[in-house]
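As C-alpha cells, the structure follows; a few thoughts come after it.
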2 protein chains.
Amino acid sequence: MTNIKDVAKLANVSVTTVSRVLNKHPYVSEEKREAVLDAVKKTNYHINRNAVNLSKGKTFLIGVVLPYSDHPYFGTLLKGIANAALEHNYKLVLIQTNYQKDKEKEAFIMLEQKQIDGLIICSRVSEWEVIEEYVIYGPIVLAEKNITEQVSSTYIDHYQAFYQALNHLYTNGYQSIGYCINRKNGVSSQQRERAYHDFLKEKQIPFDQNYIFDGYLNFEDGERVVQQLKQMKKPPAALIVTSDQVAAGIVTCCHNLGLQVPKDLAIIGFDNQPIAKYMGITTMEIPLSEMGENLFLQAITREKVSQKRVNVQLIERQTV
Amino acid sequence: MTNIKDVAKLANVSVTTVSRVLNKHPYVSEEKREAVLDAVKKTNYHINRNAVNLSKGKTFLIGVVLPYSDHPYFGTLLKGIANAALEHNYKLVLIQTNYQKDKEKEAFIMLEQKQIDGLIICSRVSEWEVIEEYVIYGPIVLAEKNITEQVSSTYIDHYQAFYQALNHLYTNGYQSIGYCINRKNGVSSQQRERAYHDFLKEKQIPFDQNYIFDGYLNFEDGERVVQQLKQMKKPPAALIVTSDQVAAGIVTCCHNLGLQVPKDLAIIGFDNQPIAKYMGITTMEIPLSEMGENLFLQAITREKVSQKRVNVQLIERQTV
C-alpha cells in the first residue's frame with residue numbers, strides 16, 4: 001500500500017509538504033502543491049483515517065447502546081442524539097443489544113480500546129459495577145438517575161412521574177389501578193414499583209400481584225393485555241401503561257371488542273408519541289428528543305460530569 | 001502512553017509473547033503468562049483497537065446511511081440490519097443525513113478512509129455518479145434497484161408494486177385514484193410516477209396534477225392530507241399512500257370527521273406495519289426486516305456483488 005513517504009519521494013518534496021497540501025494548509029508554493037497532487041493521483045494514495053485518529057487520539061465516534069432500534073421510544077431518543085451528532089460533526093456507532101449483557105460489554109470494550117470517544121447508554125441490563133470499571137476510559141452517559149455522580153446522566157424521575165399518574169387516576173375516582181410495563185427488572189420499572197407500593201400504602205388500597213402486567217412493549221401487545229383483563233374476575237378499572245404504543249394497542253382492541261374507554265377501562269400512557277395525540281390518549285409526556293440531544297452533549301464532554309433531570313408533564317385527553 | 005514494548009521489557013519477555021498472551025494464543029508457559037499479565041496491570045496497558053484494525057485492515061464496522069432514525073419504515077429496516085450485525089459480530093455506524101448531500105458524502109469518505117468496512121445506503125439524495133466514485137474503496141450496498149450492476153442491492157420493484165396497487169383499486173371499481181408520497185424527487189417516487197402515468201394511459205383516465213400529494217411521511221401528516229382533500233372540488237375516490245403511518249393518520253382523521261372509509265375514501269397503505277394490521281388498513285407488505293438482513297450480508301461480502309429483488313404482497317383488509 002502506498003504511504004505518505006512514497007508520495008513525497010515521487011513529488012520530490014518533504015513528507016511535511018505532502019501533509020500540508022493534503023490538509024490544505026497555506027504556505028505551500030503552487031508548484032509544489034501541483035507536484036504533490038499529481039503524485040497522489042499517480043500512486044492512488046489516500047489518507048487512512050484510522051491512522052490519523054490514532055495519532056490524534058480522537059475518533060469523532062460516539063457509541064449508542066440501545067436494546068431495539070425499531071421501537072418509537074428509542075427511535076425518538078436516537079433522533080435527538082443523531083441530530084446533535086449531525087450538528088457537531090460526530091458519527092454514531094449503534095450497539096443494538098437486545099438486552100444481552102455480553103453485547104453491552106462489547107460497547108465498554110470499544111470505549112476502552114478507543115474505537116469511540118464516548119458512550120451513551122439508553123437502557124441496560126449490566127450491573128452498575130460493570131460500568132464503573134470503564135469510566136476511566138472516557139465519558140459514559142446514562143439515560144437514568146445514577147447511583148453515584150461519577151458519570152453524567154439525563155434522566156426522568158420515574159418514581160415521581162408514576163406517582164403523579166397514580167394520583168391523577170385516584171383524584172378522578174379510580175381506586176383499583178393496575179399497570180403495564182416492559183421489563184419488571186429494569187431500572188425504571190423498579191422505581192415505578194416502589195411508587196406503586198408507596199401509593200397503595202398511603203391510600204390504604206390492598207396490593208394485588210395480578211394488577212402488574214409485565215412484558216409488553218409494542219402496539220400489537222395491547223391485544224394480549226385486553227385478553228388477560230377479560231379473564232380476570234376483578235379486573236382493574238384503570239391502567240397505567242408505560243408506553244403509548246401499548247396504550248394505543250389496548251384502546252384499539254377495546255374499541256374492536258365494544259369495550260368503552262374510559263368507562264370500562266381508564267388508561268394513562270407514557271411518552272406522548274404522535275399516536276397518543278391522534279387517538280386522544282391521556283399520557284405522561286417525556287421530551288425524548290431533547291433528552292437525546294443532552295445525552296450527546298454530555299458524551300462529548302470529557303472535562304466534567306453533569307446530571308440533568310428532565311420534567312414529565314401530564315397531558316389530559318379522553319382516556320381518563 | 002504505555003506501549004507493548006514497555007510491557008515486554010517489564011515482564012522480561014519478547015513482544016511476541018506479550019501479543020500471544022493478550023490474544024489468548026496457546027503455547028505460552030504459565031510463568032511467562034503471569035509475568036505478562038502482571039506487567040499489563042502495573043503499566044495499565046490496554047490494546048488500542050484502532051492500531052490493531054490499522055494493521056489488519058478491518059474495522060468490523062458497517063456504515064448505515066439513513067435519512068431519519070425515528071420513522072417506523074427505517075426503524076424496521078435498521079432492525080433487520082442490526083440483528084444481522086449482532087449475529088456476525090459487527091457494529092453499525094449510523095449516518096443520519098436528514099437528506100443532506102454533504103452528510104451522505106461524509107459516509108463515502110468514511111469508506112474511502114477505511115473507518116468502515118462497507119456501507120449500506122437505505123435512502124439517498126446523492127447522484128449515482130457520486131457513489132460510483134467510491135465503489136473501489138469497499139462494498140456499497142443500496143436498498144433500491146441499481147442503474148448498473150457495479151454494486152449490490154436488495155430492492156423492491158416500486159413500479160410493479162405501485163401498478164399492482166392501482167390495479168387492485170381499479171378492479172374494485174375506483175377510477176379516480178390519487179397518491180400520497182414523501183419525496184417527489186426520490187428514486188422510488190420516480191418509479192411510482194412512471195407506473196401511475198402508464199396506468200392512466202392504459203385505462204384512458206385523464207391525469208390530474210392535484211391528485212399527487214407530496215411531502216407526507218408521518219402519522220400526524222394524515223390530517224393535512226384530509227384537509228387538502230376537503231378543499232378539492234373533485235377529490236379522488238381512492239388514495240394509494242406509500243407509508244402505513246400516513247395511511248393510519250388519514251383513516252383516524254376521517255373517523256374523527258365522520259367520513260367513511262372506504263365509502264367516502266378508499267385507502268391502500270404500504271409496508272404492513274403493525275398499525276395497519278390493527279386499524280384494518282389494506283396495504284402492500286414489504287418485508288423490511290428481511291431486506292435489512294440481506295443488505296447487511298451484502299455489505300460484508302467483498303468478493304462479489306449481487307442483486308436481490310424482494311417481493312411485495314397485497315394484504316386485503318377493510319379500507320378498499
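By order in the C-alpha cells, chains are A, B, ...; within a chain, residues start at 1; ligands start at 1, following the order shown.
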
Residues near Phe213 of chain A, cut-off 9 Å, only C-alpha atoms, skip fewer than 5 positions along chain, as a PDB file with C-alpha atoms, in the first residue's frame:
ATOM      1  CA  GLY A 178     -53.091  -1.725  37.583  1.00  0.00           C
ATOM      2  CA  TYR A 179     -50.025  -1.054  35.439  1.00  0.00           C
ATOM      3  CA  CYS A 180     -48.363  -2.417  32.395  1.00  0.00           C
ATOM      4  CA  ILE A 181     -44.573  -2.418  31.829  1.00  0.00           C
ATOM      5  CA  ASN A 182     -41.958  -3.971  29.561  1.00  0.00           C
ATOM      6  CA  LYS A 184     -40.124  -5.897  35.586  1.00  0.00           C
ATOM      7  CA  VAL A 225     -53.314  -7.193  27.756  1.00  0.00           C
TER       8      VAL A 225
END

As a count of residues only, which residues of segment 8-223 of chain B does DSSP assign to helix (DSSP H, G or I)?
-> 111

At a cut-off of 9 Å, list the chain B residues touching chain A, using only C-alpha atoms, as a PyMOL selection string.
-> chain B and resi 46-51+53-54+61+63+68-79+82-83+85-86+91-98+103+110+112-115+218-220+249+252-253+274-275+277-279

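The two atoms in question, atom CA of Ala276 of chain B and atom CA of Gln209 of chain B, are spaced 27.6 Å apart.
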
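From atom CA of Gly292 of chain A back to atom CA of Thr154 of chain A, the distance works out to 8.3 Å.
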
Quick one: everything within 7 Å of Gly269 of chain A, counting only C-alpha atoms, minus sequence neighbours fewer than 5 positions away in the same chain. Send it as a list in words.
->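 Listed by chain and then number, they are Ile240, Val241, Thr242, Ser243, Asp244, Ala247, Ile281, Thr282, Thr283 and Met284 of chain A.
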
Interatomic distance, atom CA of Tyr211 of chain A to atom CA of Pro236 of chain A (Å, one decimal) =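 Computed distance, atom CA of Tyr211 of chain A to atom CA of Pro236 of chain A, equals 6.8 Å.
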